[in-house]
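First the structure, in the form of C-alpha cells, and then the observations on it.
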2 protein chains.
Amino acid sequence: MSSVFFYVTYTLCLCLGLLCVLFVSCWSSLWRGGFSWDGSSLQFNWHPVLMVSGLVVLYGYAALVYRVPLTWRQKKLPWKLVHAGLMLLALLLSILGLCAVFDFHRSFNIAHLYSLHSWVGICTVAMFAFQWSLGLAGFLFPFSPPGFRSTLKPVHIWVGKAILILSVTSCISGISEKLLFTLNGSTGEPYSSLPVEAKFANSLGLLIVAFGLVVFGILSKKKWRRPESDGEGVHLLLSEGSA
Amino acid sequence: MSSVFFYVTYTLCLCLGLLCVLFVSCWSSLWRGGFSWDGSSLQFNWHPVLMVSGLVVLYGYAALVYRVPLTWRQKKLPWKLVHAGLMLLALLLSILGLCAVFDFHRSFNIAHLYSLHSWVGICTVAMFAFQWSLGLAGFLFPFSPPGFRSTLKPVHIWVGKAILILSVTSCISGISEKLLFTLNGSTGEPYSSLPVEAKFANSLGLLIVAFGLVVFGILSKKKWRRPESDGEGVHLLLSEGSA
C-alpha cells in the first residue's frame with residue numbers, strides 16, 4: 001500500500017517536473033522570442049529554461065533516485081553513480097544557464113550580480129558545486145575514511161534539501177524579476193493587468209513550488225527511504241569499475 | 001554533546017531571527033520613511049515588517065518549541081498551547097501584514113494579487129490558516145479521534161515545513177519586487193548600481209534564507225526531536241484547563 005502511494009506521488013512528481021520544463025520552454029519561445037547564443041535577449045532566454053530544467057527539475061529527479069523501491073533489491077553502487085551522474089548533468093546545465101545570463105549582461109553593459117535573485121541564485125549554484133564535489137570525495141572515492149563518510153551523510157542530506165529550497169526560491173524571484181522588467185518595461189499590457197503571459201509565467205512559478213514541495217515531501221517520508229542493509233562499501237568502486 | 005550542539009544552533013537561530021526583524025524594521029524606517037496606517041506608502045511599510053516578523057521569524061520560533069531539551073521532562077500539553085499560541089500570533093501578524101498592503105493598493109488604485117510574489121504569498125497564508133485550524137481541531141480539541149490525530153501528525157509536520165519554505169520564498173520575491181519598484185522607479189541611484197539600501201535589503205534577504213535553513217535544519221535532525229514518551233493524551237486538555 002505504501003509502495004502504491006509512493007508510485008502515485010512519484011508519478012505526480014515526474015509529471016510536475018515535465019510540466020515545469022514545458023511551461024518555461026513555452027514562455028521563452030512563445031512570448032520572449034525563442035533562443036539563440038549571440039549575446040542578445042534570445043540568449044538570455046536560455047537562462048530560465050536551463051535553471052528550471054537543471055537546478056530544479058533534474059536536481060529533484062536526481063535527489064529521488066534512492067527512493068524508488070524497485071531499486072532497493074539491487075546493489076547501491078550503480079544507483080550512486082546514477083545519482084552522481086544526474087546531479088553532474090544538473091550542475092552543468094545550471095552553469096550553462098549562468099553563462100547565458102552573464103553573456104547577455106556583457107552584451108548590454110548590464111551590471112552582474114546586483115539583485116537579490118542573483119545573490120540567492122549564485123549562492124545556490126556555489127553550494128551545489130561544493131556539495132557535488134564533497135559528495136564525490138566522500139561517497140565515491142575509495143580513499144575516503146568510513147568515519148568521514150558517516151559524518152558527511154546527514155550533512156549531505158541536509159545540504160541537499162537546502163539546495164532544493166534555494167533553487168525554488170531563486171526561480172520564483174527570477175520569474176518575478178523577469179516579468180517586472182519585461183512587462184512593465186514594454187509598451188504592451190503592464191504586469192498589473194495580468195496579460196496572458198503574466199498568468200502563464202505565474203502558473204509556471206506555482207508549478208515549480210508544487211514540484212519542490214512534492215520532491216521535499218518524498219525525501220522527508222521515512223518509510224520511503226532505501227533500507228540500509230546491503231552494506232556495500234564505497235571501497236568497492238574501483239574493483240567494480242574495473243570489472 | 002548533542003545537547004550543547006543543539007543550544008549553539010538554537011542560539012544562532014534566535015539571533016538570526018532577531019537580526020531579520022531588526023534589518024526589515026531598519027529598511028522600512030531608515031530608507032522607506034517609517035510607518036503609519038493611513039493608506040499611504042508608509043502603511044505599505046508595515047507589510048514587509050509584519051510578514052518577516054510573523055510569517056518567518058515567529059513562525060520559525062514557534063515551530064521549534066518542542067525541540068528544546070529543557071522542556072522534554074515537562075508535560076507536553078503546556079508546550080502544545082505555547083506552540084499553538086505563538087503560531088496564532090504569527091498568523092495574526094501575517095493577516096495584519098496583508099491588510100497593510102491591501103489598504104495601500106486600494107488607496108493608490110493598484111490591482112491586488114497580480115504578481116507571482118502575491119500568488120505565492122497568499123497561498124502561504126491560506127495554507128498557514130488551514131494548518132492552524134486543522135492543528136487545533138486535531139491536536140487540542142478533546143473530541144478528535146486518536147486515529148485522526150496519528151494520521152494528521154506526519155501531514156502536519158510536512159505541511160509545517162512546506163509553509164516555512166513558502167514563507168521564505170514569498171519574502172525573497174517580495175524584497176526583490178519592492179527593490180525593483182522603488183529603486184528603479186525613483187530618481188536616485190538605480191538597483192543595478194547597488195546603492196546602500198540595495199545592499200542592505202539584499203543582505204536582509206540572505207539573513208531570511210539563512211534563518212529558514214537553520215530552522216529547517218533543526219527540524220530535520222532526528223536526535224533533536226522530543227521523545228514520544230509522556231503518553232499525554234490531548235483529551236486531558238479540558239480537565240487540565242479547568243484545573
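Simple scheme: letters A, B, ... for chains in C-alpha cells order, numbers from 1 for residues in each chain, numbers from 1 for ligands in the order shown.
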
_Could you work out which residues of chain A fall inside 8 Å of chain B? Count only C-alpha atoms, and format the result as an MDAnalysis selection string._
chainID A and resid 110:111 114:117 119:120 158 162 165:166 168:169 172:173 175:177 180 191:194 198 202 205:206 209 213 217 220

Residues just named, written with N, CA, C and O atoms as a short mmCIF file (atom, residue, chain, number, x, y, z; two decimals), in the first residue's frame:
```
data_model
loop_
_atom_site.label_atom_id
_atom_site.label_comp_id
_atom_site.auth_asym_id
_atom_site.auth_seq_id
_atom_site.Cartn_x
_atom_site.Cartn_y
_atom_site.Cartn_z
N ILE A 110 25.03 45.48 -18.76
CA ILE A 110 24.22 45.41 -17.52
C ILE A 110 25.13 44.86 -16.43
O ILE A 110 25.91 43.93 -16.66
N ALA A 111 25.03 45.47 -15.22
CA ALA A 111 25.88 45.01 -14.11
C ALA A 111 25.54 43.57 -13.75
O ALA A 111 24.38 43.15 -13.85
N TYR A 114 23.76 42.05 -9.01
CA TYR A 114 23.34 43.12 -8.10
C TYR A 114 22.01 42.80 -7.40
O TYR A 114 21.78 43.25 -6.29
N SER A 115 21.17 41.99 -8.07
CA SER A 115 19.83 41.77 -7.49
C SER A 115 19.85 40.67 -6.43
O SER A 115 20.75 39.83 -6.41
N LEU A 116 18.83 40.69 -5.58
CA LEU A 116 18.70 39.65 -4.57
C LEU A 116 18.55 38.28 -5.23
O LEU A 116 19.11 37.28 -4.75
N HIS A 117 17.82 38.26 -6.35
CA HIS A 117 17.69 36.99 -7.11
C HIS A 117 19.06 36.44 -7.47
O HIS A 117 19.33 35.25 -7.29
N TRP A 119 21.97 37.14 -6.05
CA TRP A 119 22.72 36.77 -4.85
C TRP A 119 22.31 35.37 -4.37
O TRP A 119 23.16 34.53 -4.07
N VAL A 120 20.98 35.15 -4.29
CA VAL A 120 20.50 33.84 -3.83
C VAL A 120 20.86 32.77 -4.86
O VAL A 120 21.33 31.68 -4.51
N TRP A 158 21.04 17.07 4.45
CA TRP A 158 20.50 18.38 4.83
C TRP A 158 20.85 19.44 3.79
O TRP A 158 19.97 20.21 3.36
N ALA A 162 18.50 21.77 1.45
CA ALA A 162 18.68 23.23 1.48
C ALA A 162 18.85 23.78 0.05
O ALA A 162 18.27 24.82 -0.30
N ILE A 165 15.51 24.01 -1.63
CA ILE A 165 14.75 25.19 -1.17
C ILE A 165 15.30 26.45 -1.86
O ILE A 165 14.54 27.29 -2.35
N LEU A 166 16.63 26.57 -1.87
CA LEU A 166 17.25 27.74 -2.50
C LEU A 166 16.95 27.80 -4.00
O LEU A 166 16.76 28.89 -4.56
N VAL A 168 14.28 26.65 -5.61
CA VAL A 168 12.90 27.10 -5.80
C VAL A 168 12.81 28.60 -5.53
O VAL A 168 12.21 29.36 -6.32
N THR A 169 13.44 29.05 -4.44
CA THR A 169 13.42 30.47 -4.09
C THR A 169 14.04 31.31 -5.20
O THR A 169 13.50 32.36 -5.58
N ILE A 172 11.62 31.48 -8.25
CA ILE A 172 10.43 32.34 -8.06
C ILE A 172 10.84 33.82 -8.13
O ILE A 172 10.17 34.63 -8.79
N SER A 173 11.95 34.17 -7.46
CA SER A 173 12.37 35.58 -7.50
C SER A 173 12.83 35.95 -8.91
O SER A 173 12.61 37.08 -9.37
N ILE A 175 11.65 34.67 -11.84
CA ILE A 175 10.46 34.84 -12.70
C ILE A 175 9.81 36.19 -12.39
O ILE A 175 9.43 36.93 -13.31
N SER A 176 9.70 36.52 -11.09
CA SER A 176 9.13 37.83 -10.69
C SER A 176 9.90 38.97 -11.35
O SER A 176 9.32 39.88 -11.93
N GLU A 177 11.24 38.89 -11.21
CA GLU A 177 12.11 39.95 -11.74
C GLU A 177 11.94 40.09 -13.25
O GLU A 177 11.79 41.20 -13.76
N LEU A 180 8.60 41.68 -14.15
CA LEU A 180 8.57 43.11 -13.83
C LEU A 180 9.37 43.90 -14.86
O LEU A 180 8.96 44.98 -15.30
N TYR A 191 2.18 44.39 -16.16
CA TYR A 191 2.06 43.19 -15.33
C TYR A 191 0.76 43.24 -14.51
O TYR A 191 0.05 42.24 -14.38
N SER A 192 0.44 44.44 -13.99
CA SER A 192 -0.71 44.55 -13.08
C SER A 192 -2.05 44.26 -13.76
O SER A 192 -3.04 44.00 -13.08
N SER A 193 -2.08 44.30 -15.11
CA SER A 193 -3.34 43.98 -15.79
C SER A 193 -3.43 42.48 -16.10
O SER A 193 -4.37 42.03 -16.75
N LEU A 194 -2.44 41.74 -15.62
CA LEU A 194 -2.37 40.28 -15.78
C LEU A 194 -2.64 39.79 -17.21
O LEU A 194 -3.63 39.07 -17.46
N ALA A 198 1.64 36.92 -18.22
CA ALA A 198 1.81 37.00 -16.76
C ALA A 198 1.13 35.83 -16.07
O ALA A 198 1.70 35.20 -15.17
N ASN A 202 3.26 33.18 -14.02
CA ASN A 202 2.90 32.98 -12.61
C ASN A 202 2.55 31.51 -12.35
O ASN A 202 2.92 30.95 -11.32
N GLY A 205 5.52 29.53 -11.99
CA GLY A 205 6.05 29.70 -10.63
C GLY A 205 5.37 28.76 -9.65
O GLY A 205 6.02 28.08 -8.86
N LEU A 206 4.04 28.68 -9.73
CA LEU A 206 3.31 27.78 -8.82
C LEU A 206 3.65 26.31 -9.09
O LEU A 206 3.75 25.51 -8.15
N VAL A 209 6.93 25.60 -7.44
CA VAL A 209 6.74 25.46 -5.99
C VAL A 209 6.13 24.08 -5.68
O VAL A 209 6.60 23.37 -4.78
N LEU A 213 7.82 21.10 -3.47
CA LEU A 213 7.20 20.57 -2.25
C LEU A 213 6.95 19.07 -2.33
O LEU A 213 7.09 18.37 -1.32
N GLY A 217 8.54 16.43 0.03
CA GLY A 217 7.68 15.50 0.77
C GLY A 217 8.17 14.07 0.64
O GLY A 217 8.23 13.33 1.63
N SER A 220 11.23 13.53 2.68
CA SER A 220 11.03 13.57 4.13
C SER A 220 10.37 12.32 4.69
O SER A 220 10.43 12.08 5.89
#
```

*Among stretch 74-211 of chain A, which ones does DSSP place in alpha helix (DSSP H), written as a PyMOL selection string?*
chain A and resi 76-107+116-135+146-185+196-211

_Residues within 12 Å of A:Cys26, please, as number ranges by chain. Count only C-alpha atoms; anything in the same chain fewer than 2 positions from it doesn't count._
A: 19-24, 28-35, 45-46, 48-49, 197, 200-201, 204

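Interatomic distance, atom CA of B:Gln74 to atom CA of B:Leu219: 19.9 Å.
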
*Counting only C-alpha atoms, what is within 12 Å of A:Leu70, bar same-chain residues fewer than 4 positions away, as JSON, numbers by chain?*
{"A": [3, 4, 6, 7, 65, 66, 74, 75, 76, 79, 224, 226]}

Mind dumping the selected residues with N, CA, C and O atoms as a CSV table (one decimal), in the first residue's frame?
```csv
chain,number,residue,atom,x,y,z
A,3,SER,N,3.9,1.3,-1.0
A,3,SER,CA,4.6,1.4,-2.3
A,3,SER,C,3.7,2.0,-3.4
A,3,SER,O,4.2,2.7,-4.2
A,4,VAL,N,2.4,1.6,-3.4
A,4,VAL,CA,1.4,2.2,-4.3
A,4,VAL,C,1.4,3.7,-4.1
A,4,VAL,O,1.5,4.5,-5.1
A,6,PHE,N,3.6,5.6,-2.9
A,6,PHE,CA,4.9,6.1,-3.3
A,6,PHE,C,4.8,6.4,-4.8
A,6,PHE,O,5.1,7.4,-5.3
A,7,TYR,N,4.4,5.3,-5.6
A,7,TYR,CA,4.5,5.4,-7.1
A,7,TYR,C,3.5,6.5,-7.6
A,7,TYR,O,3.8,7.1,-8.6
A,65,VAL,N,16.5,9.4,-6.6
A,65,VAL,CA,16.9,8.1,-7.2
A,65,VAL,C,16.9,7.0,-6.2
A,65,VAL,O,16.4,5.9,-6.5
A,66,TYR,N,17.3,7.2,-5.0
A,66,TYR,CA,17.4,6.1,-4.0
A,66,TYR,C,16.0,5.8,-3.4
A,66,TYR,O,15.9,4.8,-2.7
A,74,GLN,N,18.6,-4.1,-5.7
A,74,GLN,CA,19.8,-4.1,-6.4
A,74,GLN,C,20.9,-3.4,-5.6
A,74,GLN,O,20.7,-2.8,-4.6
A,75,LYS,N,22.2,-3.6,-6.1
A,75,LYS,CA,23.3,-3.1,-5.4
A,75,LYS,C,23.2,-1.5,-5.4
A,75,LYS,O,22.6,-1.0,-6.3
A,76,LYS,N,23.8,-0.9,-4.4
A,76,LYS,CA,23.6,0.6,-4.3
A,76,LYS,C,24.5,1.3,-5.2
A,76,LYS,O,24.2,2.4,-5.7
A,79,TRP,N,23.4,2.8,-8.5
A,79,TRP,CA,22.5,3.9,-8.2
A,79,TRP,C,23.2,5.2,-7.7
A,79,TRP,O,22.7,6.3,-7.9
A,224,TRP,N,9.9,5.7,3.0
A,224,TRP,CA,10.3,5.7,1.6
A,224,TRP,C,11.8,5.7,1.4
A,224,TRP,O,12.3,5.9,0.3
A,226,ARG,N,15.5,4.2,1.3
A,226,ARG,CA,16.2,2.9,1.0
A,226,ARG,C,16.7,2.3,2.2
A,226,ARG,O,17.4,2.9,3.0
```

_Option closest in space to A:Leu92, from A:Cys13, A:Leu140, A:Leu55, A:Leu42 [counting only C-alpha atoms]_ = A:Leu55

*For stretch 95-102 of chain A: contacts at 9 Å, only C-alpha atoms, fewer than 4 positions along chain excluded, given as number ranges by chain*: A: 37, 39, 43-51, 54, 90-91, 106-107, 112, 122, 125

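Distance-wise, atom CA of A:Leu18 and atom CA of A:Met87 end up 17.1 Å apart.
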
*atom CA of B:Leu183 and atom CA of A:Leu183 are how many Å apart?*
17.3 Å
